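Structure data follow from query_27.cif (mmCIF, C-alpha atoms and all ligand atoms):
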```cif
data_coords
loop_
_atom_site.label_atom_id
_atom_site.label_comp_id
_atom_site.auth_asym_id
_atom_site.auth_seq_id
_atom_site.Cartn_x
_atom_site.Cartn_y
_atom_site.Cartn_z
CA MET Y 3 -22.70 87.12 124.11
CA SER Y 4 -24.63 87.44 127.35
CA PHE Y 5 -23.65 90.24 129.75
CA SER Y 6 -21.60 87.89 131.93
CA GLU Y 7 -19.86 86.36 128.90
CA LYS Y 8 -18.84 89.83 127.66
CA TYR Y 9 -17.97 91.39 131.04
CA GLY Y 10 -17.54 88.47 133.44
CA PRO Y 11 -17.00 86.35 135.27
CA TRP Y 12 -15.73 88.84 137.91
CA ALA Y 13 -16.46 92.54 138.37
CA LEU Y 14 -14.48 94.76 140.72
CA ILE Y 15 -16.32 97.71 142.27
CA ALA Y 16 -14.19 100.41 143.90
CA GLY Y 17 -16.40 102.05 146.52
CA ALA Y 18 -18.86 99.18 146.70
CA SER Y 19 -20.49 99.25 150.10
CA ASP Y 20 -23.24 101.85 149.74
CA GLY Y 21 -25.00 104.21 147.34
CA VAL Y 22 -24.12 103.91 143.68
CA GLY Y 23 -21.47 101.23 144.25
CA LEU Y 24 -23.87 98.94 146.09
CA ALA Y 25 -26.51 99.55 143.41
CA PHE Y 26 -23.97 98.32 140.84
CA GLY Y 27 -23.44 95.25 143.02
CA ARG Y 28 -27.16 94.48 143.00
CA ALA Y 29 -27.49 95.01 139.23
CA LEU Y 30 -24.41 92.91 138.50
CA ALA Y 31 -25.49 90.12 140.86
CA LYS Y 32 -28.70 89.88 138.84
CA GLU Y 33 -26.56 89.50 135.69
CA GLY Y 34 -24.85 86.47 137.26
CA MET Y 35 -21.54 88.24 137.91
CA LYS Y 36 -19.11 87.44 140.72
CA LEU Y 37 -18.08 90.48 142.72
CA ILE Y 38 -14.92 91.94 144.27
CA LEU Y 39 -16.13 94.64 146.65
CA VAL Y 40 -13.62 97.29 147.69
CA SER Y 41 -14.04 100.09 150.22
CA ARG Y 42 -12.74 101.07 153.65
CA SER Y 43 -15.17 99.88 156.31
CA GLN Y 44 -15.13 96.09 156.74
CA ALA Y 45 -18.47 96.19 158.59
CA LYS Y 46 -20.19 97.94 155.63
CA LEU Y 47 -18.51 95.55 153.20
CA ASP Y 48 -19.73 92.54 155.19
CA ALA Y 49 -23.31 93.83 155.15
CA ALA Y 50 -23.13 94.51 151.40
CA ALA Y 51 -21.63 91.10 150.68
CA GLU Y 52 -24.30 89.36 152.75
CA GLU Y 53 -27.04 91.09 150.74
CA LEU Y 54 -25.38 90.38 147.39
CA ARG Y 55 -24.78 86.72 148.26
CA ARG Y 56 -28.52 86.44 148.96
CA LEU Y 57 -28.99 87.62 145.35
CA GLY Y 58 -26.81 84.70 144.27
CA ALA Y 59 -23.48 86.46 143.74
CA GLU Y 60 -20.17 85.00 144.86
CA CYS Y 61 -18.38 87.88 146.62
CA ILE Y 62 -15.03 88.70 148.09
CA THR Y 63 -14.44 91.85 150.11
CA VAL Y 64 -11.33 94.03 150.26
CA SER Y 65 -10.95 96.65 152.98
CA ALA Y 66 -8.65 99.25 151.45
CA ASP Y 67 -8.29 103.03 151.44
CA LEU Y 68 -8.26 104.01 147.77
CA SER Y 69 -7.11 107.54 148.56
CA LYS Y 70 -3.73 105.99 149.37
CA PRO Y 71 -1.34 104.42 146.83
CA GLU Y 72 -1.34 101.10 148.72
CA GLY Y 73 -5.15 100.88 148.41
CA SER Y 74 -5.13 99.96 144.73
CA THR Y 75 -2.20 97.58 145.34
CA GLN Y 76 -4.29 95.78 147.99
CA ALA Y 77 -7.30 95.57 145.65
CA ILE Y 78 -5.20 94.19 142.80
CA ALA Y 79 -3.54 91.65 145.11
CA ALA Y 80 -6.92 90.50 146.46
CA ALA Y 81 -8.27 90.01 142.94
CA GLY Y 82 -5.29 87.70 142.29
CA SER Y 83 -5.71 85.52 139.22
CA ARG Y 84 -9.49 85.95 139.00
CA GLU Y 85 -10.64 86.99 135.53
CA VAL Y 86 -11.96 90.51 136.06
CA GLY Y 87 -13.93 91.58 132.99
CA LEU Y 88 -15.54 94.70 134.44
CA VAL Y 89 -14.17 97.45 136.68
CA VAL Y 90 -16.43 100.12 138.14
CA THR Y 91 -14.57 103.01 139.80
CA ASN Y 92 -17.23 104.59 141.98
CA CYS Y 93 -15.70 106.24 145.07
CA GLY Y 94 -14.45 109.76 144.42
CA ALA Y 95 -16.72 112.22 146.20
CA ASP Y 96 -15.33 115.25 148.01
CA SER Y 97 -16.00 114.63 151.68
CA ILE Y 98 -13.56 117.37 152.75
CA ASN Y 99 -16.12 120.14 152.14
CA SER Y 100 -13.70 123.02 152.42
CA GLN Y 101 -12.28 125.83 150.37
CA PHE Y 102 -8.87 124.91 148.99
CA LEU Y 103 -6.65 126.92 151.33
CA ASP Y 104 -8.63 125.97 154.43
CA ALA Y 105 -7.88 122.22 154.39
CA ASP Y 106 -4.56 120.39 154.72
CA ILE Y 107 -2.73 119.60 151.52
CA ALA Y 108 -2.70 115.92 152.58
CA ASP Y 109 -6.50 115.85 152.33
CA TRP Y 110 -6.44 117.24 148.78
CA GLU Y 111 -3.68 114.83 147.83
CA GLY Y 112 -5.88 111.95 149.02
CA LEU Y 113 -8.84 113.12 146.93
CA ALA Y 114 -6.60 113.61 143.90
CA ALA Y 115 -5.06 110.15 144.42
CA MET Y 116 -8.50 108.51 144.61
CA ASN Y 117 -9.64 110.19 141.40
CA VAL Y 118 -6.39 110.04 139.48
CA THR Y 119 -3.74 107.54 140.65
CA THR Y 120 -6.16 104.84 141.80
CA LYS Y 121 -8.12 105.02 138.55
CA LEU Y 122 -4.90 104.91 136.52
CA ARG Y 123 -3.68 101.86 138.40
CA LEU Y 124 -6.93 99.89 138.25
CA ALA Y 125 -7.50 100.69 134.57
CA HIS Y 126 -3.91 99.77 133.71
CA HIS Y 127 -3.77 96.48 135.60
CA PHE Y 128 -7.19 95.14 134.71
CA GLY Y 129 -7.20 96.76 131.23
CA ARG Y 130 -4.13 94.73 130.27
CA ALA Y 131 -5.80 91.50 131.37
CA MET Y 132 -8.98 92.44 129.48
CA ARG Y 133 -6.95 93.16 126.36
CA GLU Y 134 -5.52 89.62 126.58
CA CYS Y 135 -9.09 88.29 126.55
CA GLY Y 136 -10.24 90.72 123.82
CA LYS Y 137 -13.25 91.81 125.89
CA GLY Y 138 -14.32 93.67 128.99
CA GLY Y 139 -15.57 96.99 130.30
CA LEU Y 140 -14.54 99.99 132.43
CA ILE Y 141 -17.08 102.30 134.03
CA LEU Y 142 -15.68 105.46 135.62
CA ILE Y 143 -18.25 107.25 137.74
CA ASN Y 144 -17.95 110.97 137.26
CA SER Y 145 -19.65 114.23 138.14
CA GLY Y 146 -20.93 117.26 136.27
CA ALA Y 147 -18.06 118.92 138.14
CA CYS Y 148 -15.80 117.47 135.42
CA TYR Y 149 -16.91 120.21 133.05
CA SER Y 150 -15.87 123.29 135.00
CA GLY Y 151 -14.33 124.57 138.19
CA MET Y 152 -16.67 125.40 141.06
CA PHE Y 153 -16.45 127.35 144.31
CA GLY Y 154 -15.38 125.11 147.19
CA LEU Y 155 -14.64 122.21 144.84
CA ALA Y 156 -11.36 123.07 143.11
CA THR Y 157 -9.60 119.73 143.64
CA TYR Y 158 -12.80 117.75 143.06
CA CYS Y 159 -13.48 119.54 139.75
CA GLY Y 160 -9.86 119.26 138.66
CA SER Y 161 -9.67 115.53 139.39
CA LYS Y 162 -13.07 114.83 137.79
CA GLY Y 163 -11.86 116.71 134.70
CA PHE Y 164 -9.02 114.20 134.62
CA VAL Y 165 -11.53 111.33 134.77
CA LEU Y 166 -13.44 112.78 131.79
CA ASN Y 167 -10.41 113.15 129.57
CA PHE Y 168 -8.86 109.88 130.75
CA ALA Y 169 -12.06 107.98 129.93
CA GLU Y 170 -12.27 109.57 126.48
CA GLY Y 171 -8.67 108.62 125.76
CA LEU Y 172 -9.15 105.06 127.01
CA TRP Y 173 -12.30 104.71 124.96
CA ALA Y 174 -10.42 105.82 121.84
CA GLU Y 175 -7.74 103.17 122.41
CA LEU Y 176 -9.50 100.23 124.03
CA ARG Y 177 -12.46 99.96 121.67
CA HIS Y 178 -9.92 98.45 119.25
CA ASN Y 179 -9.33 95.69 121.84
CA GLY Y 180 -13.00 94.84 122.42
CA ILE Y 181 -13.12 96.78 125.71
CA ASP Y 182 -15.99 99.20 126.37
CA VAL Y 183 -15.28 102.39 128.34
CA LEU Y 184 -17.89 104.70 129.80
CA THR Y 185 -17.67 107.66 132.13
CA MET Y 186 -21.05 108.09 133.75
CA VAL Y 187 -21.48 111.76 134.65
CA LEU Y 188 -23.79 112.17 137.64
CA GLY Y 189 -25.73 115.09 139.02
CA GLN Y 190 -27.12 115.15 142.57
CA THR Y 191 -27.71 111.55 143.66
CA ASP Y 192 -29.20 110.08 146.83
CA THR Y 193 -26.19 108.48 148.53
CA PRO Y 194 -25.16 108.31 152.19
CA SER Y 195 -22.03 110.31 151.40
CA TYR Y 196 -23.91 113.17 149.73
CA ARG Y 197 -26.56 113.14 152.47
CA ALA Y 198 -23.73 113.62 154.98
CA THR Y 199 -22.31 116.55 152.98
CA LEU Y 200 -25.72 118.22 152.83
CA ALA Y 201 -26.28 117.68 156.55
CA LYS Y 202 -22.86 119.16 157.41
CA SER Y 203 -23.62 122.37 155.50
CA GLY Y 204 -27.28 122.60 156.53
CA GLN Y 205 -28.51 122.29 152.93
CA PRO Y 206 -31.92 120.80 152.18
CA ILE Y 207 -32.47 117.46 150.44
CA PRO Y 208 -32.64 118.32 146.72
CA GLU Y 209 -35.80 117.68 144.79
CA GLY Y 210 -35.56 115.16 141.95
CA TRP Y 211 -32.12 113.83 142.81
CA ALA Y 212 -31.16 110.59 141.11
CA ASP Y 213 -31.75 107.09 142.48
CA PRO Y 214 -28.53 104.99 142.55
CA GLU Y 215 -30.41 101.94 141.22
CA ASP Y 216 -31.40 103.94 138.11
CA ILE Y 217 -27.81 105.13 137.71
CA ALA Y 218 -26.43 101.59 137.81
CA ALA Y 219 -29.05 100.17 135.43
CA THR Y 220 -28.51 103.02 132.95
CA ALA Y 221 -24.72 102.76 133.11
CA LEU Y 222 -24.78 99.03 132.37
CA ARG Y 223 -27.10 99.69 129.41
CA GLN Y 224 -24.94 102.56 128.12
CA LEU Y 225 -21.60 100.79 128.58
CA PRO Y 226 -21.30 99.77 124.90
CA HIS Y 227 -22.10 103.36 123.86
CA GLY Y 228 -19.26 105.33 125.51
CA PRO Y 229 -17.31 107.34 126.19
CA ILE Y 230 -19.75 109.66 128.04
CA TYR Y 231 -23.25 109.50 129.43
CA ASN Y 232 -24.54 112.66 131.13
CA TRP Y 233 -27.20 111.71 133.65
CA GLY Y 234 -30.42 113.63 133.03
CA GLN Y 235 -29.17 115.30 129.84
CA THR Y 236 -29.82 114.49 126.24
CA ASN Y 237 -26.70 113.66 124.31
CA ASP Y 238 -26.60 116.85 122.28
CA VAL Y 239 -26.80 119.42 125.08
CA ALA Y 240 -25.11 122.50 123.70
CA GLY Y 241 -23.08 124.52 126.16
CA PHE Y 242 -22.81 121.83 128.84
CA ALA Y 243 -19.05 121.95 128.38
CA SER Y 244 -18.59 125.34 126.80
CA GLY Y 245 -15.14 126.27 125.56
CA SER Y 246 -15.74 130.03 125.64
CA PRO Y 247 -13.91 131.74 128.56
CA ASP Y 248 -16.76 134.23 129.00
CA ASP Y 249 -19.34 131.44 129.16
CA ARG Y 250 -17.19 129.40 131.53
CA ARG Y 251 -16.70 132.35 133.90
CA ALA Y 252 -20.43 133.06 133.90
CA LYS Y 253 -21.20 129.38 134.56
CA ILE Y 254 -18.84 129.22 137.57
CA VAL Y 255 -20.52 132.23 139.17
CA TYR Y 256 -23.99 130.93 138.30
CA ILE Y 257 -23.32 127.52 139.90
CA GLU Y 258 -21.99 129.21 143.04
CA GLN Y 259 -25.19 131.24 143.32
CA MET Y 260 -27.42 128.23 142.61
CA THR Y 261 -25.85 125.64 144.90
CA GLY Y 262 -24.78 127.77 147.83
CA ASP Y 263 -21.72 126.99 149.88
CA LEU Y 264 -21.33 123.30 150.73
CA THR Y 265 -18.17 124.19 152.65
CA LYS Y 266 -20.04 126.08 155.37
CA ARG Y 267 -20.61 123.68 158.24
CA VAL Y 268 -23.58 124.38 160.51
N1 LIG X 301 -23.91 111.66 145.37
C1 LIG X 301 -23.93 112.65 144.49
O1 LIG X 301 -24.76 113.56 144.52
C2 LIG X 301 -22.91 112.66 143.37
C3 LIG X 301 -22.99 113.67 142.39
C4 LIG X 301 -22.07 113.66 141.35
C5 LIG X 301 -21.11 112.67 141.28
N2 LIG X 301 -21.06 111.71 142.25
C6 LIG X 301 -20.00 110.71 142.16
O2 LIG X 301 -20.52 109.42 142.45
C7 LIG X 301 -19.53 108.63 143.10
C8 LIG X 301 -20.10 108.06 144.39
O3 LIG X 301 -20.42 109.14 145.23
P1 LIG X 301 -21.01 108.96 146.68
O4 LIG X 301 -21.84 110.16 146.96
O5 LIG X 301 -21.66 107.62 146.85
O6 LIG X 301 -19.75 109.02 147.67
P2 LIG X 301 -18.33 108.25 147.71
O7 LIG X 301 -17.77 108.51 149.04
O8 LIG X 301 -17.51 108.66 146.53
O9 LIG X 301 -18.68 106.70 147.56
C9 LIG X 301 -19.16 105.94 148.64
C10 LIG X 301 -18.59 104.55 148.57
O10 LIG X 301 -17.17 104.58 148.38
C11 LIG X 301 -16.50 104.09 149.55
N3 LIG X 301 -15.34 104.96 149.78
C12 LIG X 301 -15.35 106.28 150.09
N4 LIG X 301 -14.10 106.72 150.25
C13 LIG X 301 -13.27 105.66 150.02
C14 LIG X 301 -11.85 105.48 150.06
N5 LIG X 301 -11.02 106.47 150.39
N6 LIG X 301 -11.35 104.25 149.79
C15 LIG X 301 -12.17 103.23 149.49
N7 LIG X 301 -13.51 103.34 149.44
C16 LIG X 301 -14.06 104.55 149.71
C17 LIG X 301 -17.55 104.13 150.66
O11 LIG X 301 -17.35 103.16 151.67
P3 LIG X 301 -16.35 103.46 152.94
O12 LIG X 301 -16.80 104.77 153.51
O13 LIG X 301 -16.55 102.31 153.87
O14 LIG X 301 -14.99 103.50 152.38
C18 LIG X 301 -18.81 103.79 149.86
O15 LIG X 301 -18.84 102.42 149.57
C19 LIG X 301 -18.31 109.55 143.32
O16 LIG X 301 -17.36 109.35 142.31
C20 LIG X 301 -18.91 110.95 143.21
O17 LIG X 301 -17.97 111.90 142.76
C21 LIG X 301 -21.92 111.68 143.29
#
```
This structure in structure tokens:
Amino acid sequence: MSFSEKYGPWALIAGASDGVGLAFGRALAKEGMKLILVSRSQAKLDAAAEELRRLGAECITVSADLSKPEGSTQAIAAAGSREVGLVVTNCGADSINSQFLDADIADWEGLAAMNVTTKLRLAHHFGRAMRECGKGGLILINSGACYSGMFGLATYCGSKGFVLNFAEGLWAELRHNGIDVLTMVLGQTDTPSYRATLAKSGQPIPEGWADPEDIAATALRQLPHGPIYNWGQTNDVAGFASGSPDDRRAKIVYIEQMTGDLTKRV
């Protein structure tokens, strides 16, 4: 089967209008896929769709806030009866940039909803349809934060840990239905959202951060080889997800010292 026969004809990208999501759009357009682009800003969606249509992709856009329960309902309604064979859940960064007790609980609930409830809903709705067809794919974009808690990122780390375990569980089940599941674990990546976080906290642009186009190309290649791909790591990295409490404590403190405080606005 060609890529579009296995994962097409439609792909839905949650968080599609810039960075990694838009890079997926470009890569999928080149594979002949039709695209459902979901994110908040209609102006950014329109610009993305215009570019992707120039690459030959049929596109529809859905302006929805996926940190709210109604966001996934809107995305599912907009997809309608289209056969969606691939779902990429991309949006999920922490743009709150605060220590836990210093932000409103509503903000944390939104981040948790985007990384938990929205992913549950999209995987459940489109996974059922894929199971009917006996084929399809789910890519859940993740972060190295899924492997441990970090200073200033408690809700982010907790919700990304959910994504890791959810993806592993889905992989275990859905591979028996012909559906590939991959959680793509990213490190620092050049996206508008992360640039904004760095600018807010006065942090420098990191050296050697990942290019979203490389992330998308690698994820599509790795999709049949789930459940996890750690960007920039070989597959047998010992200690990346240590179970020892002493090691985990030491890692939390080490990361805090290495990365500095992204919650300090300049
Ligand atoms: N960049 C990094 O260094 C890095 C590192 C590790 C992991 N990751 C992971 O990679 C993914 C992408 O990260 P990112 O840096 O590009 O930032 P992001 O904010 O998660 O994603 C940006 C895209 O998602 C959309 N979006 C953001 N919030 C949304 C919401 N509430 N509802 C609907 N759409 C929303 C944005 O468009 P609108 O603003 O118009 O909605 C844009 O299209 C995330 O899951 C993040 O955790 C990133």
Query raised in the report: Restricting the calculation to all atoms listed in the file, which member of Y:Ser97, Y:Thr236, Y:Thr91, Y:Gln190 is positioned closest to ligand LIG 301 (chain X)?
Result: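 Closest residue, counting all atoms listed in the file: Y:Gln190.
Across the structure, atom CA of Y:Ala108 and atom N7 of ligand LIG 301 (chain X) are spaced 16.9 Å apart.
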Query raised in the report: Once you count only C-alpha atoms and all ligand atoms, which residues end up within 6 Å of ligand LIG 301 (chain X), and could you hand them over as a list in words?
Result: Gly17, Ala18, Ser19, Asp20, Gly21, Val22, Ser41, Arg42, Ser43, Lys46, Ala66, Asp67, Leu68, Ser69, Asn92, Cys93, Gly94, Ala95, Ile143, Asn144, Ser145, Leu188, Gly189, Gln190, Thr191, Asp192, Thr193, Ser195 and Tyr196 of chain Y
Query - Å distance separating atom CA of Y:Phe168 from atom CA of Y:Arg250, one decimal place - result: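 These two atoms are separated by 21.2 Å.
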Query raised in the report: Looking at Y:Leu200, Y:Leu222, Y:Ile230, Y:Met260, which one is nearest to Y:Gly27, with distances taken over all atoms listed in the file?
Result: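 Closest to Y:Gly27 of all the choices is Y:Leu222.
Closest approach to Y:Thr261 among Y:Phe5, Y:Phe128, Y:Phe153, Y:Phe164 is made by Y:Phe153 (distances from only C-alpha atoms).
Comparing the minimum interatomic distances between Y:Ala131 and each of Y:Cys159, Y:Val40, Y:Leu113, Y:Ile78, counting all atoms listed in the file, we find that Y:Ile78 sits nearest.
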Report summary line: Residue with the minimum atom-to-atom distance to Y:Gly204, picked from Y:Ala16, Y:Ala221, Y:Cys135, Y:Leu264 with only C-alpha atoms counted, is Y:Leu264
Query raised in the report: Closest to Y:Lys121 among Y:Ile98, Y:Ala212, Y:Ala156, Y:Ile15, using all atoms listed in the file?
Result: Y:Ile15
Query - Interatomic distance (Å, one decimal) between atom CA of Y:Met132 and atom CA of Y:Ile181 - result: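 These two atoms are separated by 7.1 Å.
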Report task. Please return, as a ChimeraX atom specification, all polymer residues that have at least one atom within 6 Å of the point (-16.2, 86.5, 139.6); use all atoms listed in the file and the file's own coordinate frame. Result -> /Y:11-12,35-37
Find the residues near Y:Ile38: any atom within 9 Å, counting only C-alpha atoms, skip ones fewer than 4 places away on the same chain, and give them as an mmCIF file with C-alpha atoms, in the coordinates of the input.
```cif
data_model
loop_
_atom_site.group_PDB
_atom_site.id
_atom_site.type_symbol
_atom_site.label_atom_id
_atom_site.label_comp_id
_atom_site.auth_asym_id
_atom_site.auth_seq_id
_atom_site.Cartn_x
_atom_site.Cartn_y
_atom_site.Cartn_z
ATOM 1 C CA TRP Y 12 -15.730 88.840 137.910
ATOM 2 C CA ALA Y 13 -16.460 92.540 138.370
ATOM 3 C CA LEU Y 14 -14.480 94.760 140.720
ATOM 4 C CA ILE Y 15 -16.320 97.710 142.270
ATOM 5 C CA ALA Y 16 -14.190 100.410 143.900
ATOM 6 C CA ALA Y 18 -18.860 99.180 146.700
ATOM 7 C CA GLU Y 60 -20.170 85.000 144.860
ATOM 8 C CA CYS Y 61 -18.380 87.880 146.620
ATOM 9 C CA ILE Y 62 -15.030 88.700 148.090
ATOM 10 C CA THR Y 63 -14.440 91.850 150.110
ATOM 11 C CA VAL Y 64 -11.330 94.030 150.260
ATOM 12 C CA ALA Y 77 -7.300 95.570 145.650
ATOM 13 C CA ALA Y 80 -6.920 90.500 146.460
ATOM 14 C CA ALA Y 81 -8.270 90.010 142.940
ATOM 15 C CA VAL Y 86 -11.960 90.510 136.060
#
```
Might you pull out every residue within 10 Å of Y:Arg28, with only C-alpha atoms counted and same-chain residues fewer than 6 positions away left off, and present them as a tab-separated table (two decimals) with C-alpha atoms, in the coordinates of the input?
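Generated output (result.tsv):
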```tsv
chain	number	residue	atom	x	y	z
Y	22	VAL	CA	-24.12	103.91	143.68
Y	35	MET	CA	-21.54	88.24	137.91
Y	37	LEU	CA	-18.08	90.48	142.72
Y	50	ALA	CA	-23.13	94.51	151.40
Y	53	GLU	CA	-27.04	91.09	150.74
Y	54	LEU	CA	-25.38	90.38	147.39
Y	55	ARG	CA	-24.78	86.72	148.26
Y	57	LEU	CA	-28.99	87.62	145.35
Y	58	GLY	CA	-26.81	84.70	144.27
Y	59	ALA	CA	-23.48	86.46	143.74
Y	215	GLU	CA	-30.41	101.94	141.22
Y	218	ALA	CA	-26.43	101.59	137.81
Y	219	ALA	CA	-29.05	100.17	135.43
```
Using N, CA and C atoms, give me stretch 81-103 of chain Y from the structure I just pasted, as a short mmCIF file (atom, residue, chain, number, x, y, z; two decimals), in the first residue's frame.
```cif
data_model
loop_
_atom_site.label_atom_id
_atom_site.label_comp_id
_atom_site.auth_asym_id
_atom_site.auth_seq_id
_atom_site.Cartn_x
_atom_site.Cartn_y
_atom_site.Cartn_z
N ALA Y 81 -15.01 17.44 10.53
CA ALA Y 81 -14.51 16.31 9.72
C ALA Y 81 -15.69 15.58 9.08
N GLY Y 82 -16.83 15.53 9.79
CA GLY Y 82 -18.05 14.93 9.24
C GLY Y 82 -17.82 13.49 8.83
N SER Y 83 -18.26 13.16 7.60
CA SER Y 83 -18.16 11.77 7.15
C SER Y 83 -16.88 11.50 6.36
N ARG Y 84 -15.98 12.47 6.33
CA ARG Y 84 -14.71 12.23 5.61
C ARG Y 84 -13.96 11.07 6.25
N GLU Y 85 -13.30 10.27 5.41
CA GLU Y 85 -12.54 9.14 5.94
C GLU Y 85 -11.17 9.64 6.43
N VAL Y 86 -11.04 9.75 7.72
CA VAL Y 86 -9.78 10.24 8.31
C VAL Y 86 -8.94 9.02 8.69
N GLY Y 87 -7.82 8.84 8.01
CA GLY Y 87 -6.97 7.67 8.25
C GLY Y 87 -5.74 8.00 9.06
N LEU Y 88 -5.53 9.30 9.34
CA LEU Y 88 -4.36 9.69 10.13
C LEU Y 88 -4.73 10.89 11.00
N VAL Y 89 -4.42 10.80 12.28
CA VAL Y 89 -4.60 11.94 13.19
C VAL Y 89 -3.25 12.27 13.80
N VAL Y 90 -2.89 13.54 13.71
CA VAL Y 90 -1.66 14.03 14.35
C VAL Y 90 -2.09 15.00 15.43
N THR Y 91 -1.85 14.66 16.71
CA THR Y 91 -2.14 15.63 17.77
C THR Y 91 -0.83 16.36 18.08
N ASN Y 92 -0.78 17.60 17.66
CA ASN Y 92 0.46 18.38 17.80
C ASN Y 92 0.38 19.36 18.96
N CYS Y 93 -0.64 20.24 18.97
CA CYS Y 93 -0.62 21.31 19.98
C CYS Y 93 -0.63 20.71 21.38
N GLY Y 94 0.08 21.37 22.29
CA GLY Y 94 0.18 20.82 23.65
C GLY Y 94 1.29 21.46 24.45
N ALA Y 95 1.88 22.54 23.90
CA ALA Y 95 2.96 23.21 24.63
C ALA Y 95 2.40 23.97 25.83
N ASP Y 96 3.29 24.25 26.77
CA ASP Y 96 2.93 25.06 27.94
C ASP Y 96 3.26 26.50 27.63
N SER Y 97 2.23 27.29 27.33
CA SER Y 97 2.46 28.71 27.05
C SER Y 97 2.15 29.55 28.29
N ILE Y 98 1.89 28.89 29.43
CA ILE Y 98 1.54 29.62 30.65
C ILE Y 98 2.80 30.15 31.33
N ASN Y 99 3.87 29.32 31.28
CA ASN Y 99 5.20 29.74 31.75
C ASN Y 99 5.14 30.29 33.17
N SER Y 100 4.66 29.45 34.08
CA SER Y 100 4.52 29.89 35.46
C SER Y 100 4.74 28.71 36.38
N GLN Y 101 5.14 28.99 37.62
CA GLN Y 101 5.10 27.94 38.61
C GLN Y 101 3.64 27.63 38.94
N PHE Y 102 3.41 26.41 39.42
CA PHE Y 102 2.04 25.91 39.54
C PHE Y 102 1.13 26.83 40.34
N LEU Y 103 1.58 27.26 41.50
CA LEU Y 103 0.69 28.03 42.38
C LEU Y 103 0.53 29.48 41.94
#
```
